[in-house]
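Asks: So that we are looking at the same thing, I have put the structure below in structure tokens.
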Amino acid sequence: MEPLIRIKDLVKVYPLGEMEVQALRGVSLSIERSEFVAIMGASGSGKSTFMNILGFLDHPTTGEYILDGRSGANLSRDELAEIRNQKIGFVFQGFNLLSRTSALENVQLPLIYGQIPSKKRKEMAQQALSAVGLEGRAHHHPSQLSGGEQQRVAIARALVNRPPILLADEPTGNLDSKTSGEIMAIFQRLNDETGITIVMITHEQDIAAYGKRKILFKDGRIVEDSIS
Amino acid sequence: MMALFASLRIALRALLVNKMRSALTMLGIIIGVGAVIAMIAVGSGAKKRIADQIASMGSNILIVLSGSSTSGGMRWGSGTVPTLTVEDSKAILSEIPGVKDIAPQISGVAQIIYGNQNWSTVVYGTVPEMLSIREWTLNAGRNFMQQDLDGATKVCVLGKTVVDNLFGGIDPIGQIVRIKKVPFTVIGVLNSKGQSAWGTDQDDIIFVPLSTAQKRLFGMQFPGMVRVITVQARDPEVMKTVEGQITELLRQRHRLQPAQENDFSVRNLTEVASSAEESAKVMSLLLGAIASISLIVGGIGIMNIMLVSVTERTREIGIRIAVGAKGKDILLQFLIESLVLSLVGGILGIGVGIAGTLILSSFTQWPTLFSVQAILLAFLFSGSVGVFFGFYPARKASLLNPIEALRYE
């Protein structure tokens, strides 16, 4: 069976004035369905660039990337947006919820752009909130929620469209260790129960330890890839 | 593309977050639309007043004036010497096909006496057709008829100003007035026409049969002569032709040599009046144009605020794009926001414009006229201002790079 993610010789070069910065210098990798991958690396190691490409937010300079049978090459902005909407759930370090809108509406956001009718949207959003244990907080605004709760809303938003992959960029970066543990427990449970593939960037060893596979980036290359 | 309703809700919420800012931005459009509506109302009021005055003159009217003449080296102006005859007017009607009706007339100022009241006014000796040609209507009584002309009966039809000055509250029909000491029976009273386009009182007038006027009032020195022939053409297109034909016919009838000047003149009243109408049109256009500038300034206000709003919400836009918003979703969201601002401003502006016009006209007594078209036009104009000035900020938002937008603090 074709792996969920197949990456070959990925290179990303940023022009920086006269110079060029090589953020990725040839990355090849396959990720199967239902994997839980932790990506580690120092800042500047290229892991964020890698994540942006993985999330169809950015194009590689050269190389090949296929997610669930779809390649990002030669796609328009709108086609990329559609892939992000259907195939990818994002969880960010800073939660990135819309303030002044309730948790329920935040979770509905990908469904709005996915043309789901309003009644169905609410149902799906409620389900996603239940999956992260926030069914009672649906009508709270982000400012009325704790950091951990906000991140759980963000996870619900990432899950609501039932994408095959969840990309998390330092999901515990703004949380204390106890809450971090709770968030990681949710990730593990989702991974076990629904079989969703999770790719998570972190720089903390103990957070990375929740993953089943650990990939270490250094200077734009993968230097270590181990299954625990 | 996401549902329009969802976009509308997002837009409304965003506008309500900054109530003060939205209200101030809207104010620009409110003032603009209000000014456009008020100015158009004032302009079309002026235009309508002139059009009414022109209509009150009668339509397709040519005036033939008896001519200037030279006597002893002194030249007299038009109408001073009666060179036209009743036969001339009959010939014009029978020989020129474009002529619908004619009314020959003589006139003069005379003193009118009723009881112990007296009034000085212009008395016209003419034919019954005069009333229909010049669009006079009777308020009471009747017009004089062919029999009155044939018999030179002493009957008269009075304008409203004359009635007001002589009769007070009494019903004038059947009463006897003395014109130049000759007793006339009042048989009809005219409806008021108000001021002419030149500011004279059109109601200060008396009509008597032409034959009576010639025999009893003014005709003694030139029997059978008329000073003015009012000609009504069949439609506006033939006016020029008829004018030329009248000139030709009269030159022929008066046996004028090619070298001789006309001893009469033909004037086209509609032309004079339409130039007045033209200037009113220019004025209302000018007023509208000035007012539209304020609407455009209002639009620039919207653009300014929308640009600020896009910058402030960069992160929000980034989140939306990351979770799958397409360019047109973002474009639509911001366009709807500016459209809501401008359309709500437009609706309020219509109210302000109407109220402002009513206040203005009650203070200045200017005639004003609202038209549904003008109000709709102003409203649609405000909508297009919203789209036009909202487009650039909305497009800017839709083209944001999601990675940078998400990182934006």
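By order in the structure tokens, chains are A, B, ...; within a chain, residues start at 1; ligands start at 1, following the order shown.
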Near range 109-118 of chain A, counting only C-alpha atoms, which residues have an atom at most 6 Å away, once you skip same-chain residues fewer than 3 positions from it, shown as a ChimeraX atom specification?

Replies: /A:106,121 /B:2,323,325

Asks: Check every residue of chain B for an atom within 8 Å of chain A, counting only C-alpha atoms, and provide those that qualify as a ChimeraX atom specification.

Replies: /B:1-3,6,315-316,319-327,329,402-403,406

Asks: Output the selection as an mmCIF file, in the first residue's frame - C-alpha atoms for each residue.

Replies:
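Full text of again_10.cif as output:
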```cif
data_model
loop_
_atom_site.group_PDB
_atom_site.id
_atom_site.type_symbol
_atom_site.label_atom_id
_atom_site.label_comp_id
_atom_site.auth_asym_id
_atom_site.auth_seq_id
_atom_site.Cartn_x
_atom_site.Cartn_y
_atom_site.Cartn_z
ATOM 1 C CA MET B 1 -17.200 29.319 -2.055
ATOM 2 C CA MET B 2 -18.764 29.542 1.327
ATOM 3 C CA ALA B 3 -22.366 30.481 1.792
ATOM 4 C CA ALA B 6 -22.112 32.889 6.590
ATOM 5 C CA ARG B 315 -3.514 36.739 11.799
ATOM 6 C CA GLU B 316 -7.212 35.959 11.494
ATOM 7 C CA ILE B 319 -5.894 31.178 10.195
ATOM 8 C CA ARG B 320 -8.748 31.219 7.704
ATOM 9 C CA ILE B 321 -6.430 30.575 4.768
ATOM 10 C CA ALA B 322 -4.630 27.796 6.664
ATOM 11 C CA VAL B 323 -7.844 25.911 7.373
ATOM 12 C CA GLY B 324 -8.940 26.106 3.759
ATOM 13 C CA ALA B 325 -10.356 29.548 2.892
ATOM 14 C CA LYS B 326 -9.841 30.241 -0.770
ATOM 15 C CA GLY B 327 -8.867 33.629 -2.158
ATOM 16 C CA ASP B 329 -13.738 33.530 0.325
ATOM 17 C CA PRO B 402 -0.574 32.268 5.167
ATOM 18 C CA ILE B 403 2.818 31.488 6.719
ATOM 19 C CA LEU B 406 0.144 33.319 10.949
#
```

Asks: List the neighbours of range 265-274 of chain B out to 6 Å using only C-alpha atoms; skip same-chain residues closer than 2 positions along the sequence, and give me the result as a list in words.

Replies: Leu62, Ile63, Val64, Leu65, Ala276, Glu277 and Glu278 of chain B

Asks: Selected residues, N, CA and C atoms, written as a PDB file, in the first residue's frame, please.

Replies:
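Saved result, part32.pdb, follows:
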```
ATOM      1  N   LEU B  62     -45.487  79.571 -32.177  1.00  0.00           N
ATOM      2  CA  LEU B  62     -44.723  80.599 -32.888  1.00  0.00           C
ATOM      3  C   LEU B  62     -45.506  81.901 -32.746  1.00  0.00           C
ATOM      4  N   ILE B  63     -44.776  82.961 -32.516  1.00  0.00           N
ATOM      5  CA  ILE B  63     -45.438  84.252 -32.400  1.00  0.00           C
ATOM      6  C   ILE B  63     -45.061  85.082 -33.627  1.00  0.00           C
ATOM      7  N   VAL B  64     -46.060  85.549 -34.361  1.00  0.00           N
ATOM      8  CA  VAL B  64     -45.791  86.448 -35.484  1.00  0.00           C
ATOM      9  C   VAL B  64     -46.138  87.851 -35.018  1.00  0.00           C
ATOM     10  N   LEU B  65     -45.097  88.721 -35.012  1.00  0.00           N
ATOM     11  CA  LEU B  65     -45.307  90.095 -34.555  1.00  0.00           C
ATOM     12  C   LEU B  65     -45.387  91.003 -35.767  1.00  0.00           C
ATOM     13  N   ALA B 276     -33.759  78.339 -21.191  1.00  0.00           N
ATOM     14  CA  ALA B 276     -33.903  78.465 -19.736  1.00  0.00           C
ATOM     15  C   ALA B 276     -33.883  77.082 -19.099  1.00  0.00           C
ATOM     16  N   GLU B 277     -34.542  76.128 -19.767  1.00  0.00           N
ATOM     17  CA  GLU B 277     -34.585  74.765 -19.258  1.00  0.00           C
ATOM     18  C   GLU B 277     -33.184  74.162 -19.255  1.00  0.00           C
ATOM     19  N   GLU B 278     -32.462  74.459 -20.314  1.00  0.00           N
ATOM     20  CA  GLU B 278     -31.101  73.942 -20.456  1.00  0.00           C
ATOM     21  C   GLU B 278     -30.224  74.405 -19.298  1.00  0.00           C
TER      22      GLU B 278
END
```

Asks: Between B:Ser7, B:Thr25, B:Asn118, B:Thr83, which is the closest to Leu341 in chain B once you count only C-alpha atoms?

Replies: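 Smallest separation from Leu341 in chain B among the options: B:Thr25.
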
Asks: Mind checking DSSP for range 27-112 of chain A and telling me the alpha helix (DSSP H) residues as a list in words?

Replies: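 Answer for range 27-112 of chain A restricted to alpha helix (DSSP H) is Lys47, Ser48, Thr49, Phe50, Met51, Asn52, Ile53, Leu54, Arg77, Asp78, Glu79, Leu80, Ala81, Glu82, Ile83, Arg84, Asn85, Gln86, Lys87, Ala103, Leu104, Glu105, Asn106, Val107, Gln108, Leu109, Pro110, Leu111 and Ile112 of chain A.
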
Asks: Skipping near chain neighbours, those fewer than 5 positions away, what residues fall within 9 Å of Ser284 in chain B using only C-alpha atoms, listed as a PyMOL selection string?

Replies: chain B and resi 39-44+46-47+279+289

Asks: Hey, which of A:Ser76, A:Ser34, A:Gln93, A:Ser143 ends up closest to Ile198 in chain A? Count only C-alpha atoms.

Replies: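 Of A:Ser76, A:Ser34, A:Gln93, A:Ser143, the one nearest Ile198 in chain A, counting only C-alpha atoms, is A:Ser34.
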
Asks: So that I can check the surroundings of Gly174 in chain B, please list as a count of residues only every protein, DNA and RNA residue that reaches within 7 Å of it, counting only C-alpha atoms and ignoring chain neighbours fewer than 6 positions away.

Replies: 3

Asks: Could you list, as a short mmCIF file (atom, residue, chain, number, x, y, z; two decimals) with C-alpha atoms, in the first residue's frame, every residue within 10 Å of Thr62 in chain A, counting only C-alpha atoms and ignoring same-chain residues fewer than 6 positions away?

Replies:
```cif
data_model
loop_
_atom_site.label_atom_id
_atom_site.label_comp_id
_atom_site.auth_asym_id
_atom_site.auth_seq_id
_atom_site.Cartn_x
_atom_site.Cartn_y
_atom_site.Cartn_z
CA LYS A 8 11.78 12.53 -2.08
CA ASP A 9 14.80 14.86 -2.24
CA LEU A 10 12.97 17.85 -0.84
CA VAL A 11 15.00 21.07 -1.19
CA LYS A 12 13.89 24.51 -0.08
CA VAL A 13 15.98 27.57 -0.82
CA LEU A 24 16.14 21.99 3.39
CA ARG A 25 18.99 20.22 1.65
CA GLY A 26 17.42 17.05 0.34
CA ALA A 73 3.34 20.53 -7.36
#
```

Asks: Quick one: everything within 12 Å of Asn165 in chain B, counting only C-alpha atoms, minus sequence neighbours fewer than 5 positions away in the same chain. Send it as a ChimeraX atom specification.

Replies: /B:112-121,158-160,170,172,203-205

Asks: At what distance in Å, to one decimal, does CA of Ala42 in chain A lie from CA of Leu190 in chain A?

Replies: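 About the pair CA of Leu190 in chain A and CA of Ala42 in chain A: they are 27.5 Å apart.
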
Asks: Point out the residue among B:Val109, B:Ile31, B:Ile305, B:Leu16 with the least atom-to-atom distance to Ile293 in chain B, counting only C-alpha atoms.

Replies: B:Ile31

Asks: So, with only C-alpha atoms as the atoms that count, which of B:Phe391, B:Phe218, B:Phe264, B:Phe5 lies closest to Met303 in chain B?

Replies: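 Distance minimum relative to Met303 in chain B lands on B:Phe391.
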
Asks: Have a look at CA of Ser342 in chain B and CA of Ala397 in chain B and let me know their distance in Å, one decimal.

Replies: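 A separation of 19.1 Å between them.
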
Asks: Using only C-alpha atoms, find the one residue out of A:Asp169, A:Leu75, A:Leu134, A:Ala128 that sits nearest to Leu54 in chain A.

Replies: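 Among the listed residues, A:Asp169 lies closest to Leu54 in chain A.
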